[in-house]
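J.: Input structure: input-v1.csv, which contains CSV, C-alpha atoms and all ligand atoms.
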chain,number,residue,atom,x,y,z
W,21,MET,CA,-1.3,45.9,101.7
W,22,ASN,CA,0.7,48.0,99.3
W,23,LYS,CA,0.4,46.1,96.0
W,24,LEU,CA,3.7,47.5,94.8
W,25,GLU,CA,5.6,46.2,97.7
W,26,ASN,CA,7.3,43.5,95.6
W,27,LEU,CA,8.7,46.2,93.4
W,28,LEU,CA,10.1,48.2,96.3
W,29,GLU,CA,11.6,44.9,97.6
W,30,ASN,CA,13.2,44.2,94.3
W,31,ASN,CA,14.6,47.7,94.3
W,32,LYS,CA,16.3,47.2,97.7
W,33,HIS,CA,17.9,44.0,96.5
W,34,TRP,CA,19.1,45.7,93.3
W,35,ALA,CA,20.6,48.6,95.3
W,36,GLU,CA,22.3,46.2,97.7
W,37,ASN,CA,23.8,44.2,94.9
W,38,VAL,CA,25.1,47.3,93.1
W,39,LYS,CA,26.7,48.5,96.4
W,40,LYS,CA,28.2,45.0,97.0
W,41,SER,CA,30.1,45.1,93.6
W,42,ASP,CA,30.9,48.8,93.7
W,43,PRO,CA,30.6,50.4,97.2
W,44,THR,CA,30.9,54.0,96.1
W,45,PHE,CA,28.7,53.7,93.0
W,46,PHE,CA,25.7,55.7,94.3
W,47,GLN,CA,27.9,58.3,96.0
W,48,ARG,CA,29.7,59.0,92.7
W,49,LEU,CA,26.4,58.9,90.7
W,50,SER,CA,24.6,61.4,93.0
W,51,THR,CA,27.2,64.1,92.5
W,52,LEU,CA,27.7,63.9,88.8
W,53,GLN,CA,25.6,63.5,85.6
W,54,ALA,CA,27.8,63.5,82.5
W,55,PRO,CA,26.2,61.3,79.9
W,56,LYS,CA,27.6,61.4,76.3
W,57,TYR,CA,24.4,60.2,74.7
W,58,LEU,CA,20.8,61.2,74.4
W,59,TRP,CA,18.3,58.5,73.6
W,60,ILE,CA,15.0,59.3,71.9
W,61,GLY,CA,13.0,56.1,71.7
W,62,CYS,CA,9.6,54.5,71.7
W,63,SER,CA,7.9,54.0,75.1
W,64,ASP,CA,7.5,50.3,74.2
W,65,SER,CA,8.0,48.2,77.4
W,66,ARG,CA,10.0,45.6,75.6
W,67,ILE,CA,13.0,47.9,75.0
W,68,THR,CA,15.4,48.7,77.8
W,69,PRO,CA,17.8,51.3,76.2
W,70,ALA,CA,20.7,51.7,78.6
W,71,THR,CA,20.8,48.0,79.7
W,72,SER,CA,20.7,46.7,76.1
W,73,ILE,CA,23.6,48.8,74.9
W,74,GLY,CA,25.7,48.2,78.0
W,75,LEU,CA,25.5,51.6,79.6
W,76,LEU,CA,25.3,52.2,83.3
W,77,PRO,CA,23.1,54.7,85.2
W,78,GLY,CA,24.5,58.1,84.5
W,79,GLU,CA,25.6,57.3,81.0
W,80,LEU,CA,22.4,57.8,78.9
W,81,PHE,CA,20.0,60.7,79.0
W,82,VAL,CA,16.6,59.5,77.9
W,83,HIS,CA,13.4,60.8,76.3
W,84,ARG,CA,10.7,58.3,75.2
W,85,ASN,CA,7.3,58.7,73.7
W,86,ILE,CA,5.0,56.6,71.6
W,87,ALA,CA,6.6,55.9,68.3
W,88,ASN,CA,9.7,57.9,69.0
W,89,LEU,CA,8.5,61.2,67.5
W,90,VAL,CA,10.2,64.5,67.5
W,91,VAL,CA,7.5,67.1,67.0
W,92,HIS,CA,8.6,70.7,66.5
W,93,THR,CA,6.1,72.1,69.0
W,94,ASP,CA,6.6,69.4,71.7
W,95,MET,CA,8.1,71.4,74.5
W,96,ASN,CA,8.8,68.2,76.5
W,97,CYS,CA,11.0,66.7,73.8
W,98,LEU,CA,12.5,70.0,72.8
W,99,SER,CA,13.4,70.8,76.4
W,100,VAL,CA,15.1,67.4,76.8
W,101,ILE,CA,17.1,68.0,73.6
W,102,GLN,CA,18.1,71.6,74.6
W,103,PHE,CA,19.3,70.5,78.1
W,104,ALA,CA,21.1,67.5,76.6
W,105,VAL,CA,22.9,69.5,73.9
W,106,GLU,CA,23.5,72.8,75.7
W,107,VAL,CA,24.0,71.9,79.3
W,108,LEU,CA,25.0,68.3,79.4
W,109,GLN,CA,26.9,68.7,76.1
W,110,VAL,CA,26.1,65.2,74.8
W,111,GLU,CA,28.0,64.1,71.7
W,112,HIS,CA,25.5,61.8,70.2
W,113,ILE,CA,21.7,61.7,69.9
W,114,ILE,CA,20.3,58.3,69.0
W,115,VAL,CA,16.8,58.2,67.6
W,116,CYS,CA,15.7,54.6,67.9
W,117,GLY,CA,12.6,53.0,66.6
W,118,HIS,CA,11.6,49.4,66.4
W,119,TYR,CA,10.0,47.0,63.9
W,120,GLY,CA,6.5,46.1,64.8
W,121,CYS,CA,5.9,49.4,66.5
W,122,GLY,CA,2.2,49.5,67.7
W,123,GLY,CA,2.1,53.3,67.2
W,124,VAL,CA,3.3,53.1,63.6
W,125,LYS,CA,1.0,50.1,62.9
W,126,ALA,CA,-2.0,52.0,64.3
W,127,ALA,CA,-1.2,55.0,62.1
W,128,LEU,CA,-0.8,52.8,59.0
W,129,GLU,CA,-4.0,50.9,59.6
W,130,ASN,CA,-5.9,54.0,60.8
W,131,THR,CA,-7.0,52.2,64.0
W,132,ARG,CA,-8.9,54.3,66.5
W,133,PHE,CA,-7.6,54.3,70.0
W,134,GLY,CA,-8.7,57.7,71.2
W,135,LEU,CA,-6.6,60.8,72.1
W,136,ILE,CA,-3.5,59.1,70.9
W,137,ASP,CA,-4.8,59.1,67.3
W,138,ASN,CA,-3.9,62.8,67.2
W,139,TRP,CA,-0.3,62.1,68.2
W,140,LEU,CA,-0.1,59.3,65.6
W,141,ARG,CA,-1.3,61.8,62.9
W,142,HIS,CA,2.4,62.8,62.7
W,143,ILE,CA,3.2,59.3,61.4
W,144,GLN,CA,0.3,59.4,59.0
W,145,ASP,CA,1.7,62.6,57.6
W,146,VAL,CA,5.1,60.8,57.1
W,147,GLY,CA,3.2,57.9,55.5
W,148,ARG,CA,1.5,60.3,53.1
W,149,ASP,CA,4.8,61.8,52.1
W,150,TYR,CA,6.3,58.4,51.3
W,151,LYS,CA,3.1,56.9,49.8
W,152,ILE,CA,4.8,55.8,46.6
W,153,GLU,CA,7.8,54.2,48.4
W,154,LEU,CA,5.4,52.4,50.8
W,155,GLU,CA,3.3,51.0,48.0
W,156,ARG,CA,6.4,49.3,46.6
W,157,ALA,CA,6.2,46.9,49.6
W,158,GLU,CA,5.0,43.5,48.7
W,159,THR,CA,3.4,42.6,52.0
W,160,ASP,CA,1.7,44.4,54.8
W,161,GLU,CA,4.6,43.4,57.1
W,162,GLU,CA,7.1,44.8,54.7
W,163,LYS,CA,5.1,48.0,54.5
W,164,LEU,CA,5.0,48.4,58.3
W,165,ASP,CA,8.8,47.7,58.5
W,166,LYS,CA,9.4,50.3,55.9
W,167,LEU,CA,7.3,52.9,57.7
W,168,CYS,CA,9.1,52.1,61.0
W,169,GLU,CA,12.4,52.8,59.3
W,170,ILE,CA,11.3,55.9,57.4
W,171,ASN,CA,9.7,57.3,60.6
W,172,VAL,CA,13.1,57.0,62.4
W,173,ILE,CA,14.8,58.8,59.5
W,174,GLU,CA,12.2,61.6,59.5
W,175,GLN,CA,12.7,62.1,63.3
W,176,VAL,CA,16.5,62.2,62.8
W,177,MET,CA,15.9,65.1,60.4
W,178,ASN,CA,13.4,66.7,62.7
W,179,VAL,CA,16.0,66.7,65.5
W,180,GLY,CA,18.5,68.3,63.0
W,181,ASP,CA,15.9,70.9,62.0
W,182,THR,CA,15.5,72.2,65.6
W,183,THR,CA,17.0,75.6,66.4
W,184,ILE,CA,19.0,73.7,69.1
W,185,LEU,CA,20.9,71.5,66.6
W,186,GLN,CA,21.1,74.3,64.0
W,187,ASP,CA,22.7,76.6,66.6
W,188,ALA,CA,25.0,73.9,68.0
W,189,TRP,CA,26.4,73.1,64.5
W,190,LEU,CA,26.8,76.8,63.7
W,191,ARG,CA,29.0,77.2,66.8
W,192,LYS,CA,30.9,74.1,65.7
W,193,GLN,CA,29.8,71.9,68.6
W,194,ASN,CA,30.7,68.3,68.1
W,195,ILE,CA,27.3,66.5,68.0
W,196,ALA,CA,25.9,63.8,65.7
W,197,ILE,CA,22.4,62.4,65.3
W,198,HIS,CA,22.0,58.7,64.6
W,199,GLY,CA,19.0,56.6,63.4
W,200,TRP,CA,18.7,53.1,64.8
W,201,ILE,CA,16.1,50.4,64.7
W,202,TYR,CA,15.5,47.5,67.0
W,203,TYR,CA,14.3,44.0,66.2
W,204,LEU,CA,12.2,42.8,69.1
W,205,THR,CA,12.7,39.3,67.8
W,206,ASP,CA,16.5,39.2,68.3
W,207,GLY,CA,17.3,42.1,70.6
W,208,ILE,CA,19.7,43.6,68.1
W,209,PHE,CA,19.9,47.3,67.2
W,210,ARG,CA,20.7,48.2,63.6
W,211,ASP,CA,22.2,51.4,62.4
W,212,LEU,CA,20.1,52.8,59.6
W,213,GLN,CA,23.2,54.6,58.3
W,214,VAL,CA,21.7,58.1,58.3
W,215,THR,CA,24.1,59.8,60.8
W,216,VAL,CA,24.2,63.5,60.4
W,217,SER,CA,26.8,65.6,62.2
W,218,SER,CA,26.6,68.9,60.3
W,219,LEU,CA,24.1,71.2,58.5
W,220,LYS,CA,25.6,69.9,55.2
W,221,GLU,CA,25.0,66.3,56.1
W,222,LEU,CA,21.4,67.1,57.1
W,223,ILE,CA,20.8,68.8,53.8
W,224,ASN,CA,22.2,65.8,51.9
W,225,LEU,CA,20.0,63.3,53.9
W,226,ARG,CA,17.0,65.5,53.2
W,227,ALA,CA,17.8,65.5,49.5
W,228,LYS,CA,18.3,61.7,49.5
W,229,MET,CA,15.0,61.1,51.3
W,230,LEU,CA,13.1,63.4,48.9
W,231,THR,CA,14.0,61.1,46.0
W,232,LYS,CA,12.2,58.3,47.9
W,233,GLN,CA,9.0,60.4,47.8
W,234,LYS,CA,8.9,60.3,44.0
W,301,CO,CO,6.8,51.5,69.4
Would you mind giving the structure from this file in structure tokens?
Ligand code: CO
T.:
Amino acid sequence: MNKLENLLENNKHWAENVKKSDPTFFQRLSTLQAPKYLWIGCSDSRITPATSIGLLPGELFVHRNIANLVVHTDMNCLSVIQFAVEVLQVEHIIVCGHYGCGGVKAALENTRFGLIDNWLRHIQDVGRDYKIELERAETDEEKLDKLCEINVIEQVMNVGDTTILQDAWLRKQNIAIHGWIYYLTDGIFRDLQVTVSSLKELINLRAKMLTKQK
């Protein structure tokens, strides 16, 4: 017996329920994709981006990886950003991390998991840049929280540094990058107040973050 049968059954019920409340929902959805938002978040199974911010299928373009990283040579992430910005013309990019992120924790504690350790090196690089700021934390938990937040902010700047955003801003495209963080314990997203919507704002954020490295 197909062990995933229950999931396919669930899916049938879900589709039926959606059709019951909105008979033309799938018809409309299949002909148009026009999301206003791109989500770049952690793969963590406890986060359900669209559902938790009240968006329907078709309203959120999504990229997820472990610890919500935006790496300048990651063709997967860059392709998602390029398509979202240039083709879908999204107006907002939300980089969302979460407190207690296992990827950030492993990077901080130098835990060995295998291949993924190479991916998490990017967070260790961030941690090294903000060593002094992190050492100001009084507990290990506070240190982890701090690195989770800083990691989001660094990824917001990484998105801004891509040729995709640089070019979009040069041609005056209306697009903003936001940094959010999620508390698994209460299900609430918090805005880290690092929104950048122009080259100038990106430079200002970079300057502000550089003072935290001293
Ligand atoms: Co995570």
J.: I'd like to know which of W:Glu25, W:Asp64, W:Glu111, W:Glu158 is closest to ligand CO 301 (chain W), using only C-alpha atoms and all ligand atoms.
T.: W:Asp64
J.: Could you give me, as a tab-separated table, a per-residue list for region 104-159 of chain W showing, wherever an atom lies at most 10 Å from an atom of region 177-194 of chain W, the closest pair of atoms and their distance in Å to one decimal, using only C-alpha atoms and sorting by chain then residue number from low to high?
T.:
residue	atom	partner	partner_atom	distance
W:Ala104	CA	W:Ile184	CA	10.0
W:Val105	CA	W:Ile184	CA	7.5
W:Glu106	CA	W:Ala188	CA	7.9
W:Gln109	CA	W:Gln193	CA	8.7
W:Val110	CA	W:Asn194	CA	8.7
W:Glu111	CA	W:Asn194	CA	6.2
W:His112	CA	W:Asn194	CA	8.6
W:Ile113	CA	W:Val179	CA	8.8
W:Val115	CA	W:Val179	CA	8.8
J.: Taking all atoms listed in the file into account, list the residues no farther than 12 Å from ligand CO 301 (chain W), as a PyMOL selection string.
T.: chain W and resi 60-67+84-89+116-127+140+143+164-165+167-169+171-172+201-204
J.: Between CA of Ile152 (chain W) and CA of Thr231 (chain W), measure the distance and give it in Å to one decimal.
T.: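 CA of Ile152 (chain W) sits 10.6 Å away from CA of Thr231 (chain W).
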J.: With only C-alpha atoms as the counted atoms, please give the residues lying no more than 12 Å from Glu221 (chain W), apart from itself and same-chain residues fewer than 3 positions off, as a list in words.
T.: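 These residues fall inside the cut-off: Val176, Met177, Gly180, Asp181, Gln186, Trp189, Ala196, Ile197, His198, Val214, Thr215, Val216, Ser217, Ser218, Asn224, Leu225, Arg226, Ala227 and Lys228 of chain W.
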J.: Kindly extract all protein, DNA and RNA residues lying within 7 Å of the coordinates (20.8, 52.1, 65.9) given in the file, considering only C-alpha atoms, and supply them as a PyMOL selection string.
T.: chain W and resi 114+116+198-201+209-212
J.: Of the candidates W:Gln53, W:Gln102, W:Thr93, W:Gln144, which one gets nearest to Leu128 (chain W) if we count only C-alpha atoms?
T.: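 Looking at the shortest contact to Leu128 (chain W), the residue is W:Gln144.
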J.: Write out as a list in words which residues come within 7 Å of Leu154 (chain W) when counting only C-alpha atoms, dropping same-chain ones fewer than 4 positions away.
T.: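 Final neighbour list, sorted by chain and number: Tyr150, Lys163 and Lys166 of chain W.
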J.: Restricting it to C-alpha atoms, dump the selection as a tab-separated table (two decimals), in the frame of the given file.
T.:
chain	number	residue	atom	x	y	z
W	150	TYR	CA	6.30	58.40	51.30
W	163	LYS	CA	5.10	48.00	54.50
W	166	LYS	CA	9.40	50.30	55.90
J.: Counting all atoms listed in the file, which residues of region 54-172 of chain W fall within 12 Å of region 29-50 of chain W, and what is the closest atom pair for each with its distance in Å at one decimal, ordered by chain and rising number, as JSON lines?
T.:
{"residue": "W:Ala54", "atom": "CA", "partner": "W:Leu49", "partner_atom": "CA", "distance": 9.5}
{"residue": "W:Pro55", "atom": "CA", "partner": "W:Leu49", "partner_atom": "CA", "distance": 11.1}
{"residue": "W:Leu76", "atom": "CA", "partner": "W:Leu49", "partner_atom": "CA", "distance": 10.0}
{"residue": "W:Pro77", "atom": "CA", "partner": "W:Leu49", "partner_atom": "CA", "distance": 7.7}
{"residue": "W:Gly78", "atom": "CA", "partner": "W:Leu49", "partner_atom": "CA", "distance": 6.5}
{"residue": "W:Glu79", "atom": "CA", "partner": "W:Leu49", "partner_atom": "CA", "distance": 9.9}
J.: Here is a test: counting all atoms listed in the file, which residue of W:Lys220, W:Lys232, W:His142, W:His83 is nearest to Glu155 (chain W)?
T.: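 Using all atoms listed in the file, Glu155 (chain W) sits closest to W:Lys232.
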J.: Figure out the distance between CA of Trp59 (chain W) and CA of Arg148 (chain W), please, to one decimal in Å.
T.: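 These atoms are spaced 26.6 Å apart.
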J.: Quick one: pull the distance between CA of Ile136 (chain W) and CA of Ala157 (chain W), Å, one decimal.
T.: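 The value is 26.4 Å.
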J.: Could I see region 40-71 of chain W restored to N, CA and C atoms, set down as an mmCIF file, in the coordinates of the input?
T.:
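Okay, this is what ended up in rebuild_9.cif:
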data_model
loop_
_atom_site.group_PDB
_atom_site.id
_atom_site.type_symbol
_atom_site.label_atom_id
_atom_site.label_comp_id
_atom_site.auth_asym_id
_atom_site.auth_seq_id
_atom_site.Cartn_x
_atom_site.Cartn_y
_atom_site.Cartn_z
ATOM 1 N N LYS W 40 27.311 46.138 96.673
ATOM 2 C CA LYS W 40 28.200 45.000 97.000
ATOM 3 C C LYS W 40 29.364 45.019 95.954
ATOM 4 N N SER W 41 29.009 45.193 94.661
ATOM 5 C CA SER W 41 30.100 45.100 93.600
ATOM 6 C C SER W 41 30.816 46.413 93.466
ATOM 7 N N ASP W 42 30.202 47.527 93.883
ATOM 8 C CA ASP W 42 30.900 48.800 93.700
ATOM 9 C C ASP W 42 30.408 49.756 94.857
ATOM 10 N N PRO W 43 31.084 49.673 96.007
ATOM 11 C CA PRO W 43 30.600 50.400 97.200
ATOM 12 C C PRO W 43 30.397 51.881 97.075
ATOM 13 N N THR W 44 31.104 52.560 96.186
ATOM 14 C CA THR W 44 30.900 54.000 96.100
ATOM 15 C C THR W 44 30.065 54.435 94.881
ATOM 16 N N PHE W 45 29.425 53.438 94.239
ATOM 17 C CA PHE W 45 28.700 53.700 93.000
ATOM 18 C C PHE W 45 27.652 54.836 93.160
ATOM 19 N N PHE W 46 26.756 54.730 94.155
ATOM 20 C CA PHE W 46 25.700 55.700 94.300
ATOM 21 C C PHE W 46 26.238 57.080 94.746
ATOM 22 N N GLN W 47 27.287 57.027 95.539
ATOM 23 C CA GLN W 47 27.900 58.300 96.000
ATOM 24 C C GLN W 47 28.438 59.064 94.785
ATOM 25 N N ARG W 48 29.141 58.368 93.893
ATOM 26 C CA ARG W 48 29.700 59.000 92.700
ATOM 27 C C ARG W 48 28.542 59.502 91.800
ATOM 28 N N LEU W 49 27.529 58.645 91.628
ATOM 29 C CA LEU W 49 26.400 58.900 90.700
ATOM 30 C C LEU W 49 25.634 60.168 91.178
ATOM 31 N N SER W 50 25.469 60.317 92.487
ATOM 32 C CA SER W 50 24.600 61.400 93.000
ATOM 33 C C SER W 50 25.285 62.772 92.830
ATOM 34 N N THR W 51 26.582 62.801 92.622
ATOM 35 C CA THR W 51 27.200 64.100 92.500
ATOM 36 C C THR W 51 27.523 64.512 91.084
ATOM 37 N N LEU W 52 27.312 63.587 90.138
ATOM 38 C CA LEU W 52 27.700 63.900 88.800
ATOM 39 C C LEU W 52 26.785 63.270 87.746
ATOM 40 N N GLN W 53 26.319 64.082 86.777
ATOM 41 C CA GLN W 53 25.600 63.500 85.600
ATOM 42 C C GLN W 53 26.345 64.011 84.391
ATOM 43 N N ALA W 54 27.049 63.102 83.704
ATOM 44 C CA ALA W 54 27.800 63.500 82.500
ATOM 45 C C ALA W 54 27.623 62.515 81.374
ATOM 46 N N PRO W 55 26.361 62.294 80.937
ATOM 47 C CA PRO W 55 26.200 61.300 79.900
ATOM 48 C C PRO W 55 26.681 61.882 78.514
ATOM 49 N N LYS W 56 27.156 61.000 77.669
ATOM 50 C CA LYS W 56 27.600 61.400 76.300
ATOM 51 C C LYS W 56 26.519 61.226 75.289
ATOM 52 N N TYR W 57 25.454 60.535 75.688
ATOM 53 C CA TYR W 57 24.400 60.200 74.700
ATOM 54 C C TYR W 57 23.029 60.575 75.172
ATOM 55 N N LEU W 58 22.245 61.025 74.181
ATOM 56 C CA LEU W 58 20.800 61.200 74.400
ATOM 57 C C LEU W 58 20.065 60.194 73.588
ATOM 58 N N TRP W 59 19.141 59.529 74.223
ATOM 59 C CA TRP W 59 18.300 58.500 73.600
ATOM 60 C C TRP W 59 16.913 59.031 73.362
ATOM 61 N N ILE W 60 16.432 58.968 72.128
ATOM 62 C CA ILE W 60 15.000 59.300 71.900
ATOM 63 C C ILE W 60 14.393 58.055 71.294
ATOM 64 N N GLY W 61 13.562 57.405 72.093
ATOM 65 C CA GLY W 61 13.000 56.100 71.700
ATOM 66 C C GLY W 61 11.557 55.955 71.950
ATOM 67 N N CYS W 62 11.031 54.816 71.519
ATOM 68 C CA CYS W 62 9.600 54.500 71.700
ATOM 69 C C CYS W 62 9.420 54.087 73.205
ATOM 70 N N SER W 63 8.213 54.327 73.714
ATOM 71 C CA SER W 63 7.900 54.000 75.100
ATOM 72 C C SER W 63 7.715 52.465 75.287
ATOM 73 N N ASP W 64 7.717 51.713 74.202
ATOM 74 C CA ASP W 64 7.500 50.300 74.200
ATOM 75 C C ASP W 64 8.213 49.590 75.411
ATOM 76 N N SER W 65 7.451 48.824 76.187
ATOM 77 C CA SER W 65 8.000 48.200 77.400
ATOM 78 C C SER W 65 9.022 47.129 77.148
ATOM 79 N N ARG W 66 9.091 46.681 75.890
ATOM 80 C CA ARG W 66 10.000 45.600 75.600
ATOM 81 C C ARG W 66 11.425 46.058 75.283
ATOM 82 N N ILE W 67 11.619 47.381 75.327
ATOM 83 C CA ILE W 67 13.000 47.900 75.000
ATOM 84 C C ILE W 67 13.538 48.549 76.297
ATOM 85 N N THR W 68 14.759 48.177 76.623
ATOM 86 C CA THR W 68 15.400 48.700 77.800
ATOM 87 C C THR W 68 16.736 49.385 77.329
ATOM 88 N N PRO W 69 16.648 50.663 76.916
ATOM 89 C CA PRO W 69 17.800 51.300 76.200
ATOM 90 C C PRO W 69 19.144 51.152 76.875
ATOM 91 N N ALA W 70 19.337 51.682 78.058
ATOM 92 C CA ALA W 70 20.700 51.700 78.600
ATOM 93 C C ALA W 70 21.220 50.262 78.802
ATOM 94 N N THR W 71 20.406 49.392 79.399
ATOM 95 C CA THR W 71 20.800 48.000 79.700
ATOM 96 C C THR W 71 21.251 47.312 78.371
#
